[in-house]
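Heads up, the thing below is written out as structure tokens.
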Number of protein chains: 2
Amino acid sequence: MQVRISELSAASGVPVATIKYYLREKLLPEGARTSPTQASYGVAHVQRLGVIRALVDAGVGIAGVRKVIGVLEEPPENPYDLLGAANAAVTPAVSADIDLTAALALLERMGGDVEKCFPDQIAAVAQALAALDRAAFTVPDRVMDAYLTHLSAIAEEELAATPETSIEDAVRYVVLGTALVEPLILALRRVAEQVAASRRFGGALTG
Amino acid sequence: MQVRISELSAASGVPVATIKYYLREKLLPEGARTSPTQASYGVAHVQRLGVIRALVDAGVGIAGVRKVIGVLEEPPENPYDLLGAANAAVTPAVSADIDLTAALALLERMGGDVEKCFPDQIAAVAQALAALDRAAFTVPDRVMDAYLTHLSAIAEEELAATPETSIEDAVRYVVLGTALVEPLILALRRVAEQVAASRRFGGALTG
């Protein structure tokens, strides 16, 4: 397949003006010149556009998209570094001057090697704990244990399902699986709470 | 304890002007009149202010706060209704014209009685699934099963820890446990993914 930009637009559902923007921003590689004013684009361009759109739809900014594209263009040899780079690209930066003590203690309880986590990820945990503190809300020990145990189990399943078909597929899975699945996880948790409550309290919902 | 508004402000850390706003909005009950221009406030006012501030800090709007206060002032007899009302107060409304088919199928897989869930909660699941669809991202079956199983287990532990000391305590726990714990859950999931990746791939992080 070698097509013109108008056909690339039709195939990907991305407007021509947006494709030109991505070309200028170097998120999308140049097409092959076919004349001084025309270029042709191939399957790789369609795939790349799919990744960009999915990231943008997931709320990742252009800077984050650029980082992910960087990982795609120079993929690390180790899949672990790949995951880390993709994950870091979609993790918002957190204020650096936050006390990490409680977060680090939690990570040890999770059985994680703190050296293997990214500072922004640890800081995000610390920030969430600080917000709970400010509200004088204590997560009961048993509940915190449940978070650590079950989120670890979820992560193991997620990792085990990483596609091995291509680097692009793996990055796409990791990035979207991180950013785009979050609303699903939160929505399912609220439903699960409702289901658990109805089971626990008999669930005499009126109407 | 019966104090003036300035002392209530000092005890709660909430500015006097904000306390007056809450009084005008009837989120906080009137104090006992001690003179034409003064009133005195008690322990119940300090507690109520704590709930309001925690909600506001958790990103709940004044309308949501009002709903939660409504639950506090006229608590339903059944704890299940209490949880539902508190949960609904902090669940953003979702567009009504969304296809619920896939969401309902998921809830059945979770073993939940669909009749016992709130429409907004089901719509939130549907909305998250639709976003995944638009990005052409498929959650592998085993991973989805892991979400359902482990989020249900988390919800059971959360519910089991609901305090029975007072209605205010229970509502506070449910509302804050829903809204305020979400960032913690997402942050822990990202760390768990990193830990799982380092376990799976050997974790040769450079540096």
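By order in the structure tokens, chains are A, B, ...; within a chain, residues start at 1; ligands start at 1, following the order shown.
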Which chain B residues have any atom within 6 Å of an atom of chain A, and for each, what is the nearest pair of atoms with distance in Å to one decimal, counting only C-alpha atoms, rows sorted by chain and number, as a tab-separated table?
```
residue	atom	partner	partner_atom	distance
B:Ala54	CA	A:Ala135	CA	4.9
B:Tyr80	CA	A:Ala197	CA	5.6
B:Gly112	CA	A:Val195	CA	5.4
B:Ala124	CA	A:Ala187	CA	5.7
B:Val125	CA	A:Ala187	CA	5.2
B:Ala128	CA	A:Leu184	CA	4.9
B:Ala135	CA	A:Ala54	CA	4.9
B:Val143	CA	A:Glu157	CA	5.6
B:Ala146	CA	A:Ile154	CA	5.7
B:His150	CA	A:His150	CA	5.3
B:Leu151	CA	A:Arg189	CA	5.6
B:Ser152	CA	A:Ala192	CA	5.2
B:Ile154	CA	A:Ala146	CA	5.7
B:Ala155	CA	A:Glu193	CA	4.8
B:Glu156	CA	A:Ala196	CA	5.6
B:Glu157	CA	A:Val143	CA	5.6
B:Glu158	CA	A:Val143	CA	5.8
B:Pro183	CA	A:Ala128	CA	5.7
B:Leu184	CA	A:Ala128	CA	4.9
B:Ala187	CA	A:Val125	CA	5.2
B:Arg189	CA	A:Leu151	CA	5.6
B:Ala192	CA	A:Ser152	CA	5.2
B:Glu193	CA	A:Ala155	CA	4.8
B:Val195	CA	A:Gly112	CA	5.4
B:Ala196	CA	A:Glu156	CA	5.6
B:Ala197	CA	A:Tyr80	CA	5.6
B:Phe201	CA	A:Tyr80	CA	5.7
B:Gly203	CA	A:Tyr80	CA	5.9
```
Create the file for the chosen residues now, containing N, CA, C and O atoms and written as an mmCIF file, in the first residue's frame.
```cif
data_model
loop_
_atom_site.group_PDB
_atom_site.id
_atom_site.type_symbol
_atom_site.label_atom_id
_atom_site.label_comp_id
_atom_site.auth_asym_id
_atom_site.auth_seq_id
_atom_site.Cartn_x
_atom_site.Cartn_y
_atom_site.Cartn_z
ATOM 1 N N ALA B 54 -13.375 17.645 53.790
ATOM 2 C CA ALA B 54 -12.834 16.435 53.168
ATOM 3 C C ALA B 54 -13.467 16.225 51.803
ATOM 4 O O ALA B 54 -12.797 15.877 50.827
ATOM 5 N N TYR B 80 -27.310 -0.259 53.249
ATOM 6 C CA TYR B 80 -27.095 -0.381 51.821
ATOM 7 C C TYR B 80 -27.563 0.883 51.098
ATOM 8 O O TYR B 80 -26.898 1.405 50.209
ATOM 9 N N GLY B 112 -23.047 -9.641 39.823
ATOM 10 C CA GLY B 112 -23.837 -8.604 40.462
ATOM 11 C C GLY B 112 -25.272 -8.627 39.976
ATOM 12 O O GLY B 112 -25.550 -9.043 38.850
ATOM 13 N N ALA B 124 -21.230 4.696 33.703
ATOM 14 C CA ALA B 124 -19.793 4.998 33.787
ATOM 15 C C ALA B 124 -18.969 3.837 33.235
ATOM 16 O O ALA B 124 -17.965 4.039 32.544
ATOM 17 N N VAL B 125 -19.395 2.602 33.529
ATOM 18 C CA VAL B 125 -18.713 1.424 32.976
ATOM 19 C C VAL B 125 -18.862 1.431 31.451
ATOM 20 O O VAL B 125 -17.888 1.225 30.710
ATOM 21 N N ALA B 128 -16.546 3.982 29.863
ATOM 22 C CA ALA B 128 -15.144 3.542 29.853
ATOM 23 C C ALA B 128 -14.920 2.499 28.757
ATOM 24 O O ALA B 128 -13.906 2.514 28.054
ATOM 25 N N ALA B 135 -10.529 3.501 20.718
ATOM 26 C CA ALA B 135 -9.082 3.380 20.536
ATOM 27 C C ALA B 135 -8.709 2.008 19.986
ATOM 28 O O ALA B 135 -7.532 1.696 19.853
ATOM 29 N N VAL B 143 -7.493 -10.789 31.503
ATOM 30 C CA VAL B 143 -7.250 -9.554 32.250
ATOM 31 C C VAL B 143 -8.573 -8.990 32.773
ATOM 32 O O VAL B 143 -8.678 -8.568 33.925
ATOM 33 N N ALA B 146 -9.581 -10.810 35.681
ATOM 34 C CA ALA B 146 -8.794 -10.383 36.848
ATOM 35 C C ALA B 146 -9.370 -9.096 37.433
ATOM 36 O O ALA B 146 -9.466 -8.953 38.655
ATOM 37 N N HIS B 150 -10.707 -9.337 41.251
ATOM 38 C CA HIS B 150 -9.926 -8.661 42.279
ATOM 39 C C HIS B 150 -10.585 -7.365 42.757
ATOM 40 O O HIS B 150 -10.446 -7.000 43.917
ATOM 41 N N LEU B 151 -11.300 -6.684 41.868
ATOM 42 C CA LEU B 151 -12.007 -5.483 42.331
ATOM 43 C C LEU B 151 -13.178 -5.879 43.239
ATOM 44 O O LEU B 151 -13.501 -5.164 44.187
ATOM 45 N N SER B 152 -13.795 -7.018 42.961
ATOM 46 C CA SER B 152 -14.844 -7.509 43.860
ATOM 47 C C SER B 152 -14.256 -7.817 45.239
ATOM 48 O O SER B 152 -14.849 -7.480 46.270
ATOM 49 N N ILE B 154 -11.585 -6.524 46.580
ATOM 50 C CA ILE B 154 -11.267 -5.247 47.224
ATOM 51 C C ILE B 154 -12.533 -4.627 47.819
ATOM 52 O O ILE B 154 -12.546 -4.175 48.967
ATOM 53 N N ALA B 155 -13.611 -4.631 47.039
ATOM 54 C CA ALA B 155 -14.867 -4.028 47.505
ATOM 55 C C ALA B 155 -15.379 -4.734 48.764
ATOM 56 O O ALA B 155 -15.872 -4.088 49.694
ATOM 57 N N GLU B 156 -15.251 -6.071 48.798
ATOM 58 C CA GLU B 156 -15.705 -6.821 49.982
ATOM 59 C C GLU B 156 -14.944 -6.365 51.228
ATOM 60 O O GLU B 156 -15.531 -6.155 52.288
ATOM 61 N N GLU B 157 -13.633 -6.210 51.102
ATOM 62 C CA GLU B 157 -12.827 -5.772 52.250
ATOM 63 C C GLU B 157 -13.193 -4.340 52.654
ATOM 64 O O GLU B 157 -13.265 -4.011 53.843
ATOM 65 N N GLU B 158 -13.414 -3.487 51.645
ATOM 66 C CA GLU B 158 -13.763 -2.097 51.946
ATOM 67 C C GLU B 158 -15.079 -2.038 52.724
ATOM 68 O O GLU B 158 -15.196 -1.339 53.723
ATOM 69 N N PRO B 183 -7.212 8.030 43.624
ATOM 70 C CA PRO B 183 -5.838 8.306 43.171
ATOM 71 C C PRO B 183 -4.828 7.311 43.749
ATOM 72 O O PRO B 183 -3.859 6.949 43.080
ATOM 73 N N LEU B 184 -5.074 6.874 44.990
ATOM 74 C CA LEU B 184 -4.166 5.903 45.605
ATOM 75 C C LEU B 184 -4.210 4.577 44.841
ATOM 76 O O LEU B 184 -3.173 3.971 44.549
ATOM 77 N N ALA B 187 -2.395 4.950 41.536
ATOM 78 C CA ALA B 187 -0.942 5.063 41.726
ATOM 79 C C ALA B 187 -0.351 3.708 42.110
ATOM 80 O O ALA B 187 0.711 3.312 41.607
ATOM 81 N N ARG B 189 -1.565 0.807 41.338
ATOM 82 C CA ARG B 189 -1.612 -0.090 40.177
ATOM 83 C C ARG B 189 -0.390 0.130 39.277
ATOM 84 O O ARG B 189 0.222 -0.822 38.803
ATOM 85 N N ALA B 192 2.505 -1.381 40.903
ATOM 86 C CA ALA B 192 2.382 -2.843 40.842
ATOM 87 C C ALA B 192 2.769 -3.347 39.457
ATOM 88 O O ALA B 192 3.394 -4.404 39.319
ATOM 89 N N GLU B 193 2.416 -2.587 38.424
ATOM 90 C CA GLU B 193 2.794 -2.994 37.062
ATOM 91 C C GLU B 193 4.308 -2.977 36.904
ATOM 92 O O GLU B 193 4.897 -3.859 36.269
ATOM 93 N N VAL B 195 6.502 -3.310 39.300
ATOM 94 C CA VAL B 195 7.060 -4.406 40.090
ATOM 95 C C VAL B 195 6.873 -5.732 39.349
ATOM 96 O O VAL B 195 7.793 -6.549 39.249
ATOM 97 N N ALA B 196 5.688 -5.920 38.774
ATOM 98 C CA ALA B 196 5.413 -7.162 38.032
ATOM 99 C C ALA B 196 6.322 -7.258 36.819
ATOM 100 O O ALA B 196 6.815 -8.344 36.477
ATOM 101 N N ALA B 197 6.566 -6.134 36.167
ATOM 102 C CA ALA B 197 7.432 -6.145 34.983
ATOM 103 C C ALA B 197 8.860 -6.502 35.359
ATOM 104 O O ALA B 197 9.526 -7.270 34.661
ATOM 105 N N PHE B 201 10.511 -9.701 33.661
ATOM 106 C CA PHE B 201 11.538 -9.538 32.631
ATOM 107 C C PHE B 201 12.946 -9.454 33.200
ATOM 108 O O PHE B 201 13.878 -9.124 32.503
ATOM 109 N N GLY B 203 14.210 -7.303 35.068
ATOM 110 C CA GLY B 203 14.393 -5.973 35.648
ATOM 111 C C GLY B 203 15.787 -5.413 35.583
ATOM 112 O O GLY B 203 16.308 -4.893 36.573
#
```
Could you give me, as a PyMOL selection string, the residues within 10 Å of range 22-26 of chain B, counting only C-alpha atoms and dropping anything in the same chain fewer than 3 positions from it? chain B and resi 16-19+29-31+49+52+62+66+69
Export of the given selection (N, CA, C and O atoms) as a PDB file, in the first residue's frame:
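For reference, selection.pdb as written:
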```
ATOM      1  N   VAL B  16     -13.376  31.976  58.871  1.00  0.00           N
ATOM      2  CA  VAL B  16     -14.693  32.439  59.305  1.00  0.00           C
ATOM      3  C   VAL B  16     -15.600  32.714  58.105  1.00  0.00           C
ATOM      4  O   VAL B  16     -16.776  32.330  58.093  1.00  0.00           O
ATOM      5  N   ALA B  17     -15.055  33.364  57.071  1.00  0.00           N
ATOM      6  CA  ALA B  17     -15.872  33.710  55.904  1.00  0.00           C
ATOM      7  C   ALA B  17     -16.435  32.445  55.246  1.00  0.00           C
ATOM      8  O   ALA B  17     -17.585  32.419  54.793  1.00  0.00           O
ATOM      9  N   THR B  18     -15.620  31.384  55.212  1.00  0.00           N
ATOM     10  CA  THR B  18     -16.060  30.128  54.610  1.00  0.00           C
ATOM     11  C   THR B  18     -17.141  29.478  55.464  1.00  0.00           C
ATOM     12  O   THR B  18     -18.134  28.950  54.954  1.00  0.00           O
ATOM     13  N   ILE B  19     -16.961  29.545  56.789  1.00  0.00           N
ATOM     14  CA  ILE B  19     -17.974  28.995  57.702  1.00  0.00           C
ATOM     15  C   ILE B  19     -19.306  29.716  57.489  1.00  0.00           C
ATOM     16  O   ILE B  19     -20.373  29.094  57.409  1.00  0.00           O
ATOM     17  N   PRO B  29     -25.533  23.503  60.218  1.00  0.00           N
ATOM     18  CA  PRO B  29     -26.712  24.005  60.941  1.00  0.00           C
ATOM     19  C   PRO B  29     -26.400  25.290  61.713  1.00  0.00           C
ATOM     20  O   PRO B  29     -25.258  25.502  62.113  1.00  0.00           O
ATOM     21  N   GLU B  30     -27.410  26.118  61.907  1.00  0.00           N
ATOM     22  CA  GLU B  30     -27.269  27.342  62.702  1.00  0.00           C
ATOM     23  C   GLU B  30     -26.734  27.006  64.094  1.00  0.00           C
ATOM     24  O   GLU B  30     -27.039  25.948  64.651  1.00  0.00           O
ATOM     25  N   GLY B  31     -25.946  27.931  64.653  1.00  0.00           N
ATOM     26  CA  GLY B  31     -25.541  27.779  66.043  1.00  0.00           C
ATOM     27  C   GLY B  31     -26.678  28.222  66.968  1.00  0.00           C
ATOM     28  O   GLY B  31     -27.708  28.710  66.510  1.00  0.00           O
ATOM     29  N   LEU B  49     -17.962  20.264  59.759  1.00  0.00           N
ATOM     30  CA  LEU B  49     -16.970  21.000  58.968  1.00  0.00           C
ATOM     31  C   LEU B  49     -15.898  20.061  58.425  1.00  0.00           C
ATOM     32  O   LEU B  49     -15.446  20.212  57.285  1.00  0.00           O
ATOM     33  N   ILE B  52     -17.354  18.304  55.419  1.00  0.00           N
ATOM     34  CA  ILE B  52     -17.465  19.210  54.268  1.00  0.00           C
ATOM     35  C   ILE B  52     -16.099  19.438  53.629  1.00  0.00           C
ATOM     36  O   ILE B  52     -15.928  19.335  52.414  1.00  0.00           O
ATOM     37  N   ILE B  62     -20.291  21.626  45.517  1.00  0.00           N
ATOM     38  CA  ILE B  62     -21.241  21.983  46.570  1.00  0.00           C
ATOM     39  C   ILE B  62     -22.543  21.178  46.439  1.00  0.00           C
ATOM     40  O   ILE B  62     -23.128  20.757  47.443  1.00  0.00           O
ATOM     41  N   ARG B  66     -24.057  18.870  49.278  1.00  0.00           N
ATOM     42  CA  ARG B  66     -25.429  19.015  49.762  1.00  0.00           C
ATOM     43  C   ARG B  66     -26.140  17.656  49.805  1.00  0.00           C
ATOM     44  O   ARG B  66     -26.857  17.341  50.759  1.00  0.00           O
ATOM     45  N   ILE B  69     -24.815  15.706  52.786  1.00  0.00           N
ATOM     46  CA  ILE B  69     -25.369  16.263  54.018  1.00  0.00           C
ATOM     47  C   ILE B  69     -26.827  15.810  54.179  1.00  0.00           C
ATOM     48  O   ILE B  69     -27.271  15.477  55.284  1.00  0.00           O
TER      49      ILE B  69
END
```
Report task. Could you pull out the residues in range 20-141 of chain A that DSSP calls alpha helix (DSSP H) from the backbone, as a ChimeraX atom specification? Result -> /A:20-24,43-57,62-73,79-89,101-109,119-134,141
Check your understanding: Using the chain letters and numbers from this document, which residues of range 27-68 of chain A does DSSP assign to strand (DSSP E), as a ChimeraX atom specification?
Key -> /A:32-35,38-40
Restricting the output to N, CA and C atoms, write the selected residues as a PDB file, in the first residue's frame.
```pdb
ATOM      1  N   ALA A  32       7.330   9.028   1.354  1.00  0.00           N
ATOM      2  CA  ALA A  32       8.312   8.987   0.255  1.00  0.00           C
ATOM      3  C   ALA A  32       7.900  10.014  -0.795  1.00  0.00           C
ATOM      4  N   ARG A  33       8.827  10.908  -1.148  1.00  0.00           N
ATOM      5  CA  ARG A  33       8.544  11.949  -2.158  1.00  0.00           C
ATOM      6  C   ARG A  33       8.206  11.294  -3.492  1.00  0.00           C
ATOM      7  N   THR A  34       7.106  11.703  -4.106  1.00  0.00           N
ATOM      8  CA  THR A  34       6.784  11.204  -5.450  1.00  0.00           C
ATOM      9  C   THR A  34       6.823  12.347  -6.461  1.00  0.00           C
ATOM     10  N   SER A  35       6.792  13.579  -5.964  1.00  0.00           N
ATOM     11  CA  SER A  35       6.945  14.774  -6.807  1.00  0.00           C
ATOM     12  C   SER A  35       7.291  15.900  -5.843  1.00  0.00           C
ATOM     13  N   GLN A  38       4.224  16.233  -3.660  1.00  0.00           N
ATOM     14  CA  GLN A  38       3.461  15.077  -3.182  1.00  0.00           C
ATOM     15  C   GLN A  38       4.368  14.022  -2.565  1.00  0.00           C
ATOM     16  N   ALA A  39       3.766  13.263  -1.615  1.00  0.00           N
ATOM     17  CA  ALA A  39       4.493  12.150  -1.001  1.00  0.00           C
ATOM     18  C   ALA A  39       3.518  10.987  -0.876  1.00  0.00           C
ATOM     19  N   SER A  40       4.071   9.785  -0.720  1.00  0.00           N
ATOM     20  CA  SER A  40       3.169   8.649  -0.537  1.00  0.00           C
ATOM     21  C   SER A  40       3.422   8.009   0.828  1.00  0.00           C
TER      22      SER A  40
END
```
What separates CA of Arg48 in chain A and CA of Glu168 in chain A is a distance of 8.5 Å
